[in-house]
Structure formats: C-alpha cells, structure tokens
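Engineer: structure_34.pdb is reproduced below (PDB, C-alpha atoms).
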```pdb
ATOM      1  CA  MET A  42     -16.165 -18.825  28.457
ATOM      2  CA  ASP A  43     -15.922 -22.622  28.498
ATOM      3  CA  ASP A  44     -13.941 -25.433  26.834
ATOM      4  CA  GLY A  45     -15.417 -24.698  23.413
ATOM      5  CA  ASN A  46     -16.210 -20.963  23.336
ATOM      6  CA  THR A  47     -14.129 -17.825  23.708
ATOM      7  CA  MET A  48     -15.142 -14.180  24.054
ATOM      8  CA  VAL A  49     -12.736 -11.703  22.432
ATOM      9  CA  TYR A  50     -12.389  -8.105  23.577
ATOM     10  CA  ASN A  51     -10.307  -5.529  21.730
ATOM     11  CA  TRP A  52      -9.174  -2.341  23.421
ATOM     12  CA  HIS A  53      -8.348   0.587  21.178
ATOM     13  CA  HIS A  54      -6.699   3.786  22.304
ATOM     14  CA  SER A  55      -5.095   6.831  20.789
ATOM     15  CA  THR A  56      -1.369   7.340  21.278
ATOM     16  CA  THR A  57      -1.793  11.061  20.626
ATOM     17  CA  ALA A  58      -3.984  13.794  22.090
ATOM     18  CA  GLU A  59      -6.477  13.168  19.255
ATOM     19  CA  PRO A  60      -9.510  11.005  20.152
ATOM     20  CA  LEU A  61     -10.382   7.877  18.212
ATOM     21  CA  ASP A  62     -12.279   8.598  15.018
ATOM     22  CA  GLU A  63     -15.339   6.765  13.682
ATOM     23  CA  GLU A  64     -13.190   4.411  11.580
ATOM     24  CA  ASP A  65     -11.256   3.407  14.720
ATOM     25  CA  ARG A  66     -14.495   2.802  16.616
ATOM     26  CA  LEU A  67     -15.797   0.480  13.895
ATOM     27  CA  GLU A  68     -12.740  -1.763  14.425
ATOM     28  CA  ARG A  69     -12.621  -2.642  10.730
ATOM     29  CA  ARG A  70      -9.021  -3.862  10.863
ATOM     30  CA  SER A  71      -9.678  -6.193  13.789
ATOM     31  CA  GLY A  72     -12.808  -7.844  12.408
ATOM     32  CA  ASN A  73     -14.494  -7.553  15.772
ATOM     33  CA  GLY A  74     -16.510  -4.334  15.471
ATOM     34  CA  PRO A  75     -20.230  -3.749  14.987
ATOM     35  CA  ASP A  76     -19.984  -4.456  11.242
ATOM     36  CA  HIS A  77     -18.441  -7.863  12.006
ATOM     37  CA  VAL A  78     -20.223  -9.044  15.166
ATOM     38  CA  ASP A  79     -23.969  -9.298  15.831
ATOM     39  CA  GLN A  80     -24.539  -6.751  18.593
ATOM     40  CA  LYS A  81     -27.278  -8.835  20.240
ATOM     41  CA  THR A  82     -25.691 -12.295  20.264
ATOM     42  CA  PHE A  83     -21.996 -11.252  20.076
ATOM     43  CA  ARG A  84     -21.482 -13.947  17.438
ATOM     44  CA  SER A  85     -19.320 -13.263  14.407
ATOM     45  CA  LYS A  86     -21.228 -12.618  11.185
ATOM     46  CA  ALA A  87     -18.348 -14.320   9.342
ATOM     47  CA  ASN A  88     -18.297 -17.897  10.586
ATOM     48  CA  ARG A  89     -17.731 -21.522   9.675
ATOM     49  CA  GLN A  90     -21.153 -21.837   7.981
ATOM     50  CA  ASN A  91     -20.328 -19.061   5.474
ATOM     51  CA  ASN A  92     -16.598 -19.894   5.169
ATOM     52  CA  TYR A  93     -15.745 -16.744   7.153
ATOM     53  CA  LEU A  94     -16.865 -14.680   4.129
ATOM     54  CA  LEU A  95     -13.625 -15.621   2.407
ATOM     55  CA  ASP A  96     -13.114 -13.533  -0.726
ATOM     56  CA  ARG A  97     -10.958 -15.376  -3.289
ATOM     57  CA  ARG A  98     -10.264 -12.178  -5.259
ATOM     58  CA  VAL A  99      -8.957 -10.482  -2.122
ATOM     59  CA  GLN A 100      -7.000 -13.635  -1.291
ATOM     60  CA  LYS A 101      -5.381 -13.595  -4.711
ATOM     61  CA  THR A 102      -4.593  -9.876  -4.889
ATOM     62  CA  GLU A 103      -4.521  -8.350  -1.388
ATOM     63  CA  THR A 104      -4.163 -10.685   1.604
ATOM     64  CA  PHE A 105      -2.958 -14.207   2.206
ATOM     65  CA  THR A 106      -6.228 -15.358   3.799
ATOM     66  CA  GLY A 107      -8.887 -13.382   1.917
ATOM     67  CA  ILE A 108     -10.706 -13.075   5.258
ATOM     68  CA  ASP A 109     -11.469  -9.568   6.516
ATOM     69  CA  GLY A 110     -10.135  -8.748   9.989
ATOM     70  CA  ILE A 111      -7.479 -10.341  12.159
ATOM     71  CA  ASN A 112     -10.001 -11.623  14.724
ATOM     72  CA  THR A 113     -12.038 -13.246  11.953
ATOM     73  CA  GLN A 114      -8.877 -14.887  10.587
ATOM     74  CA  ASP A 115      -8.103 -16.169  14.094
ATOM     75  CA  ARG A 116     -11.610 -17.610  14.408
ATOM     76  CA  GLY A 117     -11.191 -19.463  11.131
ATOM     77  CA  ILE A 118      -7.974 -21.107  12.283
ATOM     78  CA  GLN A 119      -9.184 -21.874  15.802
ATOM     79  CA  GLU A 120     -12.583 -23.247  14.827
ATOM     80  CA  SER A 121     -11.165 -25.415  12.044
ATOM     81  CA  MET A 122      -9.490 -27.555  14.717
ATOM     82  CA  GLY A 123     -12.830 -28.461  16.258
ATOM     83  CA  ARG A 124     -13.910 -27.902  19.855
ATOM     84  CA  ILE A 125     -11.309 -30.043  21.641
ATOM     85  CA  VAL A 126      -8.115 -31.413  20.098
ATOM     86  CA  ASP A 127      -6.377 -34.462  21.530
ATOM     87  CA  ARG A 128      -2.782 -33.213  21.573
ATOM     88  CA  SER A 129      -1.476 -36.649  22.610
ATOM     89  CA  LYS A 130      -2.016 -37.824  19.027
ATOM     90  CA  GLU A 131       0.132 -35.052  17.517
ATOM     91  CA  HIS A 132       3.478 -35.686  15.905
ATOM     92  CA  LEU A 133       5.348 -32.414  16.165
ATOM     93  CA  GLY A 134       8.465 -31.886  14.087
ATOM     94  CA  PRO A 135      11.195 -29.283  13.535
ATOM     95  CA  ALA A 136       8.769 -26.782  11.989
ATOM     96  CA  ASP A 137       6.765 -26.860  15.240
ATOM     97  CA  LYS A 138       9.617 -25.617  17.441
ATOM     98  CA  ALA A 139       7.676 -22.538  18.604
ATOM     99  CA  ILE A 140       4.749 -24.739  19.709
ATOM    100  CA  ILE A 141       7.082 -27.125  21.522
ATOM    101  CA  GLN A 142       8.822 -24.252  23.343
ATOM    102  CA  ALA A 143       5.519 -22.573  24.265
ATOM    103  CA  ARG A 144       4.222 -25.810  25.786
ATOM    104  CA  LYS A 145       7.439 -26.279  27.766
ATOM    105  CA  LEU A 146       7.095 -22.755  29.139
ATOM    106  CA  LEU A 147       3.441 -23.355  30.042
ATOM    107  CA  ARG A 148       4.292 -26.602  31.856
ATOM    108  CA  GLN A 149       6.981 -24.746  33.811
ATOM    109  CA  VAL A 150       4.499 -22.005  34.742
ATOM    110  CA  VAL A 151       2.083 -24.626  36.099
ATOM    111  CA  LYS A 152       4.830 -26.311  38.142
ATOM    112  CA  THR A 153       5.979 -22.979  39.564
ATOM    113  CA  ALA A 154       2.424 -21.957  40.501
ATOM    114  CA  GLU A 155       1.667 -25.363  42.048
ATOM    115  CA  ALA A 156       4.813 -24.991  44.180
ATOM    116  CA  GLY A 157       3.532 -21.608  45.421
ATOM    117  CA  GLY A 158       5.922 -19.509  43.337
ATOM    118  CA  SER A 159       5.340 -16.607  40.984
ATOM    119  CA  PRO A 160       5.664 -17.676  37.341
ATOM    120  CA  ASP A 161       7.844 -15.690  34.958
ATOM    121  CA  GLY A 162       5.964 -12.854  33.314
ATOM    122  CA  THR A 163       3.635 -12.113  36.238
ATOM    123  CA  GLY A 164       5.730  -9.404  37.879
ATOM    124  CA  THR A 165       4.864  -5.720  37.796
ATOM    125  CA  SER A 166       7.917  -4.890  35.672
ATOM    126  CA  TYR A 167       5.772  -5.620  32.594
ATOM    127  CA  TYR A 168       3.004  -3.176  33.519
ATOM    128  CA  THR A 169       4.632  -0.198  31.802
ATOM    129  CA  LEU A 170       5.152  -1.966  28.463
ATOM    130  CA  ARG A 171       2.847  -1.485  25.511
ATOM    131  CA  ALA A 172       2.709  -2.952  22.028
ATOM    132  CA  HIS A 173       4.290  -0.965  19.237
ATOM    133  CA  GLU A 174       5.144  -1.617  15.621
ATOM    134  CA  ALA A 175       7.250   0.186  13.044
ATOM    135  CA  VAL A 176       9.043  -0.396   9.785
ATOM    136  CA  LEU A 177      12.722   0.349  10.316
ATOM    137  CA  PRO A 178      15.692   0.455   7.991
ATOM    138  CA  ARG A 179      17.630  -2.820   7.898
ATOM    139  CA  THR A 180      20.609  -1.097   9.519
ATOM    140  CA  ALA A 181      18.618   0.352  12.449
ATOM    141  CA  ASP A 182      19.163  -0.834  16.014
ATOM    142  CA  TRP A 183      15.591  -1.977  16.655
ATOM    143  CA  ARG A 184      16.036  -2.054  20.428
ATOM    144  CA  ALA A 185      17.217   1.558  20.530
ATOM    145  CA  GLU A 186      14.425   2.650  18.170
ATOM    146  CA  MET A 187      11.536   0.668  19.662
ATOM    147  CA  THR A 188      12.171   0.578  23.420
ATOM    148  CA  PRO A 189      11.151   4.214  24.096
ATOM    149  CA  GLU A 190       7.904   3.623  22.202
ATOM    150  CA  MET A 191       7.148   0.485  24.220
ATOM    151  CA  ARG A 192       7.431   2.204  27.597
ATOM    152  CA  ARG A 193       4.495   3.791  29.406
ATOM    153  CA  GLU A 194       6.510   6.968  29.938
ATOM    154  CA  ALA A 195       6.361   7.563  26.161
ATOM    155  CA  ILE A 196       2.556   7.583  26.381
ATOM    156  CA  LEU A 197       2.442   9.884  29.391
ATOM    157  CA  GLN A 198       4.799  12.388  27.777
ATOM    158  CA  THR A 199       2.519  12.801  24.747
ATOM    159  CA  VAL A 200      -0.691  13.384  26.726
TER     160      VAL A 200
END
```
What's the structure tokens form of this structure?
Structural biologist:
Amino acid sequence: MDDGNTMVYNWHHSTTAEPLDEEDRLERRSGNGPDHVDQKTFRSKANRQNNYLLDRRVQKTETFTGIDGINTQDRGIQESMGRIVDRSKEHLGPADKAIIQARKLLRQVVKTAEAGGSPDGTGTSYYTLRAHEAVLPRTADWRAEMTPEMRREAILQTV
C-alpha cells in the first residue's frame, strides 16, 4: 500500500471436486479471516497494542509463537522491526546466508530489468506450478513424489 503498510490477500481453493467448507472460508489457519480481521477497516484484531493476542499456554504446549494464524505471526515479526529499517547499519553473519543470497538475487533482478531484460522467474514456465506439501518417508525421492502434485495438470485431471 505504501512504505509502512501492506495489504494481505489469501486465496483458498479446493484441490478436489468438493467445495470449500465453512471452516475453510473462515481462514482460521491463516489468521486472516473474518474472525481475525475487522471487516470494516481490514485491520488485524491481533496487533502490536495487544501483543498479537499471544497465548503463553499455547506457546508452551502447542506452537512456537503462541500466536494464532500464520498471517498474524508474520505481522508480529514484520511490525516489530518498525516502519522502515536502515539496512546499511546491519551486520550480517553466517547465520544470515539466506538473507544475503536473497538480496543478491534481488539486486541482479533490478540490474536485469534496468537493462531491458526479463529477470529470472518471470517467464511463463512457472504458471503451471502450484504449492504442495506432504510428509514423505525419509527414503522417498521427493522430486518424483511431489512434482506431479505441483503441476497444473494434476489439478485439471481431478476436476
């Protein structure tokens, strides 16, 4: 929305012929449904002022954060940094390798776009992919098991 505010949209769909049920529509797992977000202002009911409704019992016995919903957990992390963070004052180390690599990739994308090229990841070859998750045996070939589920054709065959 601007340098200090973000609007989050979640898209839910059924991977079977069955429609979404009421529980799916309430988006309880995401923390972004009507029980979590004021439907007039679109502001999260769990926020910095109420410590994101952190539940210490849940934190101790059920989840690492004790905050209900993945979007609410994300808000807690993102908002705790403040509106704008001066990254030039950071001192990244070995544990920050993923951040360092992501920033290198982003800088390369900007250079490629400025030069009039098409950055990696913008081609249509990604259009048929979809997110999928599964728990597999340690000995399973995850690529062989997961790839069919990540392809659009798998969705079209079940409809």
Engineer: For region 102-107 of chain A, find every residue with an atom within 10 Å (counting all atoms listed in the file), except residues of its own chain fewer than 6 positions away, and show them as a list of chain:residue names.
Structural biologist: A:Tyr93, A:Leu94, A:Leu95, A:Asp96, A:Gln114, A:Gly117
Engineer: The PyMOL selection byres ((chain A and resi 54) around 12) on the file shown: which residues, as a PyMOL selection string?
Structural biologist: chain A and resi 51-53+55-62+65-66+68+171-172+196
Engineer: For Asn88 (chain A), find every residue with an atom within 12 Å (counting all atoms listed in the file), except residues of its own chain fewer than 5 positions away, and show them as a PyMOL selection string.
Structural biologist: chain A and resi 72+77-79+93-95+108-109+112-121
Engineer: Could you jot down the CA of Gly45 (chain A) to CA of Ala87 (chain A) separation for me, Å, one decimal place?
Structural biologist: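 One can read the CA of Gly45 (chain A) to CA of Ala87 (chain A) distance as 17.7 Å.
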Engineer: Interatomic distance between CA of Leu147 (chain A) and CA of Ser129 (chain A)?
Structural biologist: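 Atom-to-atom, CA of Leu147 (chain A) to CA of Ser129 (chain A), that is 16.0 Å.
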Engineer: Please provide as number ranges by chain all residues within 10 Å of Asp76 (chain A), with the sequence filter that same-chain residues fewer than 4 positions apart are discarded (counting only C-alpha atoms).
Structural biologist: A: 67-69, 72, 80, 85-86
Engineer: One decimal, Å: what's the distance from CA of Ala154 (chain A) over to CA of Gly123 (chain A), could you say?
Structural biologist: 29.4 Å
Engineer: Please, could N, CA and C atoms be added to region 141-166 of chain A and the result written as an mmCIF file, in the coordinates of the input?
Structural biologist:
```
data_model
loop_
_atom_site.group_PDB
_atom_site.id
_atom_site.type_symbol
_atom_site.label_atom_id
_atom_site.label_comp_id
_atom_site.auth_asym_id
_atom_site.auth_seq_id
_atom_site.Cartn_x
_atom_site.Cartn_y
_atom_site.Cartn_z
ATOM 1 N N ILE A 141 6.410 -26.294 20.521
ATOM 2 C CA ILE A 141 7.082 -27.125 21.522
ATOM 3 C C ILE A 141 7.609 -26.252 22.663
ATOM 4 N N GLN A 142 8.267 -25.150 22.325
ATOM 5 C CA GLN A 142 8.822 -24.252 23.343
ATOM 6 C C GLN A 142 7.715 -23.612 24.178
ATOM 7 N N ALA A 143 6.631 -23.192 23.529
ATOM 8 C CA ALA A 143 5.519 -22.573 24.265
ATOM 9 C C ALA A 143 4.929 -23.556 25.266
ATOM 10 N N ARG A 144 4.778 -24.805 24.872
ATOM 11 C CA ARG A 144 4.222 -25.810 25.786
ATOM 12 C C ARG A 144 5.168 -26.095 26.944
ATOM 13 N N LYS A 145 6.470 -26.103 26.678
ATOM 14 C CA LYS A 145 7.439 -26.279 27.766
ATOM 15 C C LYS A 145 7.331 -25.132 28.768
ATOM 16 N N LEU A 146 7.230 -23.918 28.257
ATOM 17 C CA LEU A 146 7.095 -22.755 29.139
ATOM 18 C C LEU A 146 5.807 -22.832 29.960
ATOM 19 N N LEU A 147 4.714 -23.238 29.322
ATOM 20 C CA LEU A 147 3.441 -23.355 30.042
ATOM 21 C C LEU A 147 3.504 -24.426 31.130
ATOM 22 N N ARG A 148 4.144 -25.557 30.827
ATOM 23 C CA ARG A 148 4.292 -26.602 31.856
ATOM 24 C C ARG A 148 5.119 -26.086 33.036
ATOM 25 N N GLN A 149 6.160 -25.300 32.750
ATOM 26 C CA GLN A 149 6.981 -24.746 33.811
ATOM 27 C C GLN A 149 6.188 -23.752 34.660
ATOM 28 N N VAL A 150 5.349 -22.954 34.016
ATOM 29 C CA VAL A 150 4.499 -22.005 34.742
ATOM 30 C C VAL A 150 3.581 -22.750 35.710
ATOM 31 N N VAL A 151 2.975 -23.836 35.251
ATOM 32 C CA VAL A 151 2.083 -24.626 36.099
ATOM 33 C C VAL A 151 2.851 -25.194 37.296
ATOM 34 N N LYS A 152 4.021 -25.755 37.049
ATOM 35 C CA LYS A 152 4.830 -26.311 38.142
ATOM 36 C C LYS A 152 5.200 -25.237 39.158
ATOM 37 N N THR A 153 5.603 -24.080 38.674
ATOM 38 C CA THR A 153 5.979 -22.979 39.564
ATOM 39 C C THR A 153 4.787 -22.528 40.404
ATOM 40 N N ALA A 154 3.626 -22.380 39.779
ATOM 41 C CA ALA A 154 2.424 -21.957 40.501
ATOM 42 C C ALA A 154 1.988 -23.011 41.512
ATOM 43 N N GLU A 155 2.035 -24.285 41.121
ATOM 44 C CA GLU A 155 1.667 -25.363 42.048
ATOM 45 C C GLU A 155 2.584 -25.404 43.264
ATOM 46 N N ALA A 156 3.846 -25.000 43.072
ATOM 47 C CA ALA A 156 4.813 -24.991 44.180
ATOM 48 C C ALA A 156 4.695 -23.718 45.019
ATOM 49 N N GLY A 157 3.746 -22.834 44.647
ATOM 50 C CA GLY A 157 3.532 -21.608 45.421
ATOM 51 C C GLY A 157 4.375 -20.428 44.961
ATOM 52 N N GLY A 158 5.080 -20.581 43.852
ATOM 53 C CA GLY A 158 5.922 -19.509 43.337
ATOM 54 C C GLY A 158 5.178 -18.582 42.395
ATOM 55 N N SER A 159 5.878 -17.553 41.968
ATOM 56 C CA SER A 159 5.340 -16.607 40.984
ATOM 57 C C SER A 159 5.945 -16.915 39.624
ATOM 58 N N PRO A 160 5.140 -17.345 38.670
ATOM 59 C CA PRO A 160 5.664 -17.676 37.341
ATOM 60 C C PRO A 160 6.283 -16.478 36.642
ATOM 61 N N ASP A 161 7.253 -16.749 35.767
ATOM 62 C CA ASP A 161 7.844 -15.690 34.958
ATOM 63 C C ASP A 161 6.746 -14.950 34.208
ATOM 64 N N GLY A 162 6.920 -13.656 34.072
ATOM 65 C CA GLY A 162 5.964 -12.854 33.314
ATOM 66 C C GLY A 162 4.809 -12.311 34.120
ATOM 67 N N THR A 163 4.754 -12.604 35.429
ATOM 68 C CA THR A 163 3.635 -12.113 36.238
ATOM 69 C C THR A 163 4.027 -10.937 37.113
ATOM 70 N N GLY A 164 5.268 -10.520 37.063
ATOM 71 C CA GLY A 164 5.730 -9.404 37.879
ATOM 72 C C GLY A 164 5.248 -8.066 37.347
ATOM 73 N N THR A 165 5.337 -7.059 38.168
ATOM 74 C CA THR A 165 4.864 -5.720 37.796
ATOM 75 C C THR A 165 5.797 -5.010 36.823
ATOM 76 N N SER A 166 6.990 -5.551 36.584
ATOM 77 C CA SER A 166 7.917 -4.890 35.672
ATOM 78 C C SER A 166 7.363 -4.821 34.247
#
```
